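Trainee: Below are the structure tokens for one structure; questions will follow.
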Amino acid sequence: MNTKLIFIPLYLATLLAFGQGPMDPGFSMLENGDFESAEAFFDSYLEKEPKNKTALICYGRAVGLNGRPENASFLFESLLEEYPGDLEIQLNLYESLLWREDYEKAKGYYQALVKQNPNNFSALLGFANTLSNLKQFKDALYHINKAILLQPKNISARTSRKYIRLGLANQLATAKKFTEGILLLTEIFEDFPGDREVLLSLANLNIQAGALEEAKASYWKMATHTRDSIIALAGVALVEHLDEQDKAALQTAEQAKDMAAPFVGEPEYQQARERYLQALIWNGKYKEVQKQLDSLAVTGNTKNWVLALEATLGMYTGDFRKSQHVYDELLARDSLSFDGNLGMANALYAKGDFNKAYQAVYRTLEIFPNQKDAASFLEKLDRQFRPVVSQQAGYTFDNGNNTAFLQSNSLRIPVSTKLIGTLSYQYRSTENTLSGAEATSNLFAAGLEYQLLPGIALNANLGVNKSEFADASYSLPISGIKLQLKPYKLQNLELGYAREVQNFNADLIAREIVMNHYGLNYNLGTNINLGWFTQLMHTRQSDGNNRNLLFSSLYYTLMKKPALKIGVNYQYISFTEQLPQIYFSPESFQAYELFADSRGNLSSKLQYSLGVASGFQEVEDTDISPIFRADFTLKHSLSKRFDLGVYGKYSNIASAVASGFEFTELGINLRWALSKAPIFQTKP
């Protein structure tokens, strides 16, 4: 609430009550906000008439509004002792409490005054403004409406009602009552058609409600002259970004920047340039942004909005440590900065420091209660650390007459941001419809995931595989350990060992083949949309055979929303012994393919992923043959805690299965979060 606007109504009412010609110059000084001159004028006037009540009241107002409200209150209290029950003195005394920001005390006085004088315009107006400062907007609106009924054309009262409605609309938005808030804002146009502040608030509320077209319309309505058009274009650019139209956002932001060129050093210029640099970041033009930020830093007076952009650039380019450092600097300057506090939470999260990320987002919500973006970030953190049950059921078949039914169940229980426990059970039933051979395998495992340091995690699991076939069975231990690292920005490295039992078909289960995998996965990202993934694996088998595998993928990101990648894959496999009658084990196998992968949202609750690849393969000295594979998933969020999905896979790549056949798999996935939030304490 703008305090100057609060005081004007009562001040004008006082002037109207007084009307003595010799003091007109002083009245004009008060009305024009020249309080220092008004104080001198009435001080001089009181030398001639020291008992003039009107002059004393005006002098008190001038003193209070000139930065000494406590002195004004003392003067009015003294006057009230001399003139007990004087309404004008009471009104000025209570208003002086507002200048002192002693709103609770003022509320008590105004409440009693309104009860005694229910039809006094100034009392109702003062009470409404007091309630507004206490953010009790509903009661404030009730009393300001009563005041306006008494003086329907009073512009000051209507101005107060405007700000009361703006405050109440903000409260409704915080409570996610967007429709009510939007309706309340539109009522302001009855008093102030096309009001700029209201249009900005309306646009913001529509953005929070997800009504992006309505937000855009509000921005366009305020574009009535150059300065407001700059702000409108900057707002529309933001809406385009939220609507995942980043190219349109950049075009609009560039218009705002060009229009703001004549206003260097003014707020419109800063806002336009800030939005333009943001739009460049959204469009991946990182070098241009860095160049402009460097030019701003040369001045030696890096403003907070420049720091915020530097930190944002670090987040988009994967330099999370740099972003954290910049946010530290921003918060040192302004500990209540929204960009600084929530930005710090995001940087800590991206770096893997989840405990501190929780602390940062809770601090943000303390400063900005129920703020939508901060609440959404907290919800994202909670989703990562709440206990989850996952289930999968699938059916596979291949052209070697093998069929299989598989089912898996897993429980993931985070007990802190560093330690997560897991339990899993997998069942697989296989049959060869030609030979009649059947077998089943049951896998039980328990595991731990522990974060050693931000960006360094160790995963380990231990279990047993129980397999049954014909009239025999066996049980063998299974295990795995994996170290996950982020050595540098945009890089991920994984080193691991896994012991498992071959269970693709009945024949292989019966042979009791144990595989010991030693592997390395490495992914390198860049800021030019290129990426490179490589997998190396050496497998030692209990039947004496060894396998070496190399898989390498070079990919390019064409789009981010929906995500679309294309690329080339290369795969090489070799076995020391060739046992084609038992399983696929060539001396040399190579595959080359082009692939495309897309994933995104079909609606707010329906997600998809689709991958296809095609190329050719060469097995030892045989002729080159074409290959094709495809996979898809559809996931529907039935609620915030329950997801249901379906999936399918097809491949005719020889390395896709141990027996060298093409195969198809279809299935369903269920995911159920057992609680809304983590089971451990996250709030410091």
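Each chain in the structure tokens gets a letter, A, B and so on, in the order shown; residues start at 1 in every chain, and ligands are counted from 1 in the order they appear.
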Write out as a ChimeraX atom specification the residues lying within 10 Å of A:Ile679, counting only C-alpha atoms and excluding same-chain residues fewer than 3 positions away.

Mentor: /A:382,385-387,413-416,674-676,682

Trainee: Applying 9 Å and only C-alpha atoms, which residues near A:Leu434 remain after dropping the ones on its own chain fewer than 3 positions away? List them as a list of chain:residue names.

Mentor: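 Returned residues: A:Gly400, A:Asn401, A:Asn402, A:Glu431, A:Ala437.
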
Trainee: If we count only C-alpha atoms, what is near A:Arg100 at a cut-off of 9 Å, once residues fewer than 5 positions away on the same chain are taken out, given as a list in words?

Mentor: Gly64, Arg68, Pro69, Glu70, Ser73 and Glu95 of chain A

Trainee: Run DSSP on the backbone of this structure and report the residues of stretch 452-671 of chain A it assigns to alpha helix (DSSP H), as a CSV table (one decimal) with N, CA and C atoms, in the first residue's frame.

Mentor:
```csv
chain,number,residue,atom,x,y,z
A,506,ALA,N,14.1,-70.1,-21.0
A,506,ALA,CA,14.1,-71.3,-20.2
A,506,ALA,C,15.5,-72.0,-20.3
A,507,ASP,N,16.0,-72.1,-21.5
A,507,ASP,CA,17.2,-72.8,-21.8
A,507,ASP,C,18.4,-72.2,-21.0
A,508,LEU,N,18.5,-70.8,-21.1
A,508,LEU,CA,19.5,-70.1,-20.5
A,508,LEU,C,19.4,-70.2,-19.0
A,509,ILE,N,18.2,-70.1,-18.4
A,509,ILE,CA,18.0,-70.2,-17.0
A,509,ILE,C,18.6,-71.6,-16.5
A,510,ALA,N,18.3,-72.6,-17.3
A,510,ALA,CA,18.7,-74.0,-16.9
A,510,ALA,C,20.2,-74.1,-16.9
```

Trainee: At a cut-off of 10 Å, using only C-alpha atoms, what residues contact A:Ser598? Leave out same-chain residues fewer than 5 positions from it and give the result as a list in words.

Mentor: Thr557, Leu558, Met559, Lys560, Lys561, Pro562, Ala563, Leu564, Lys565, Ile566, Tyr608, Ser609, Leu610, Gly611, Val612 and Phe632 of chain A

Trainee: With N, CA, C and O atoms retained, could you export that selection as a tab-separated table (two decimals), in the first residue's frame?

Mentor:
```tsv
chain	number	residue	atom	x	y	z
A	557	THR	N	20.46	-31.93	-29.84
A	557	THR	CA	19.13	-31.54	-29.36
A	557	THR	C	18.54	-30.50	-30.30
A	557	THR	O	19.04	-29.38	-30.39
A	558	LEU	N	17.48	-30.90	-31.01
A	558	LEU	CA	16.82	-29.98	-31.93
A	558	LEU	C	15.85	-29.06	-31.21
A	558	LEU	O	15.70	-27.89	-31.55
A	559	MET	N	15.14	-29.62	-30.23
A	559	MET	CA	14.13	-28.86	-29.48
A	559	MET	C	14.21	-29.26	-28.02
A	559	MET	O	14.61	-30.38	-27.69
A	560	LYS	N	13.79	-28.31	-27.16
A	560	LYS	CA	13.77	-28.59	-25.72
A	560	LYS	C	12.37	-28.89	-25.22
A	560	LYS	O	12.19	-29.66	-24.27
A	561	LYS	N	11.36	-28.25	-25.82
A	561	LYS	CA	9.97	-28.47	-25.41
A	561	LYS	C	9.08	-28.54	-26.64
A	561	LYS	O	8.83	-27.51	-27.26
A	562	PRO	N	8.61	-29.75	-27.00
A	562	PRO	CA	9.00	-31.04	-26.42
A	562	PRO	C	10.44	-31.37	-26.78
A	562	PRO	O	10.96	-30.91	-27.79
A	563	ALA	N	11.08	-32.18	-25.96
A	563	ALA	CA	12.47	-32.54	-26.20
A	563	ALA	C	12.56	-33.41	-27.45
A	563	ALA	O	11.81	-34.37	-27.62
A	564	LEU	N	13.48	-33.08	-28.32
A	564	LEU	CA	13.69	-33.85	-29.55
A	564	LEU	C	15.18	-33.93	-29.82
A	564	LEU	O	15.85	-32.90	-30.00
A	565	LYS	N	15.69	-35.16	-29.82
A	565	LYS	CA	17.10	-35.40	-30.09
A	565	LYS	C	17.24	-36.30	-31.31
A	565	LYS	O	16.44	-37.20	-31.51
A	566	ILE	N	18.27	-36.05	-32.10
A	566	ILE	CA	18.63	-36.95	-33.18
A	566	ILE	C	20.11	-37.25	-33.06
A	566	ILE	O	20.86	-36.49	-32.43
A	608	TYR	N	4.59	-38.44	-22.70
A	608	TYR	CA	4.96	-39.48	-23.67
A	608	TYR	C	6.46	-39.48	-23.88
A	608	TYR	O	7.17	-38.50	-23.62
A	609	SER	N	6.96	-40.59	-24.38
A	609	SER	CA	8.32	-40.67	-24.93
A	609	SER	C	8.28	-41.63	-26.10
A	609	SER	O	7.56	-42.64	-26.06
A	610	LEU	N	9.02	-41.32	-27.13
A	610	LEU	CA	9.04	-42.13	-28.34
A	610	LEU	C	10.44	-42.12	-28.91
A	610	LEU	O	11.03	-41.05	-29.12
A	611	GLY	N	10.98	-43.30	-29.15
A	611	GLY	CA	12.30	-43.41	-29.74
A	611	GLY	C	12.30	-44.39	-30.90
A	611	GLY	O	11.69	-45.46	-30.81
A	612	VAL	N	12.96	-44.04	-31.98
A	612	VAL	CA	13.09	-44.92	-33.13
A	612	VAL	C	14.54	-44.87	-33.61
A	612	VAL	O	15.20	-43.83	-33.50
A	632	PHE	N	8.23	-46.91	-26.92
A	632	PHE	CA	7.33	-45.81	-26.56
A	632	PHE	C	6.85	-46.01	-25.14
A	632	PHE	O	6.82	-47.13	-24.61
```

Trainee: Can you pull out every residue within 7 Å of A:Ala311, counting only C-alpha atoms, but drop anything in the same chain fewer than 2 positions away, and send it as a PyMOL selection string?

Mentor: chain A and resi 307-309+313-315+323+326-327

Trainee: Using only C-alpha atoms, which residues sit within 10 Å of stretch 147-150 of chain A once same-chain residues fewer than 3 positions away are excluded, as a VMD selection string?

Mentor: chain A and resid 118 to 128 141 to 144 153 to 158 161

Trainee: Atom CA of A:Lys418 to atom CA of A:Gly447: how many Å, to one decimal?

Mentor: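 Between atom CA of A:Lys418 and atom CA of A:Gly447 the gap works out to 13.8 Å.
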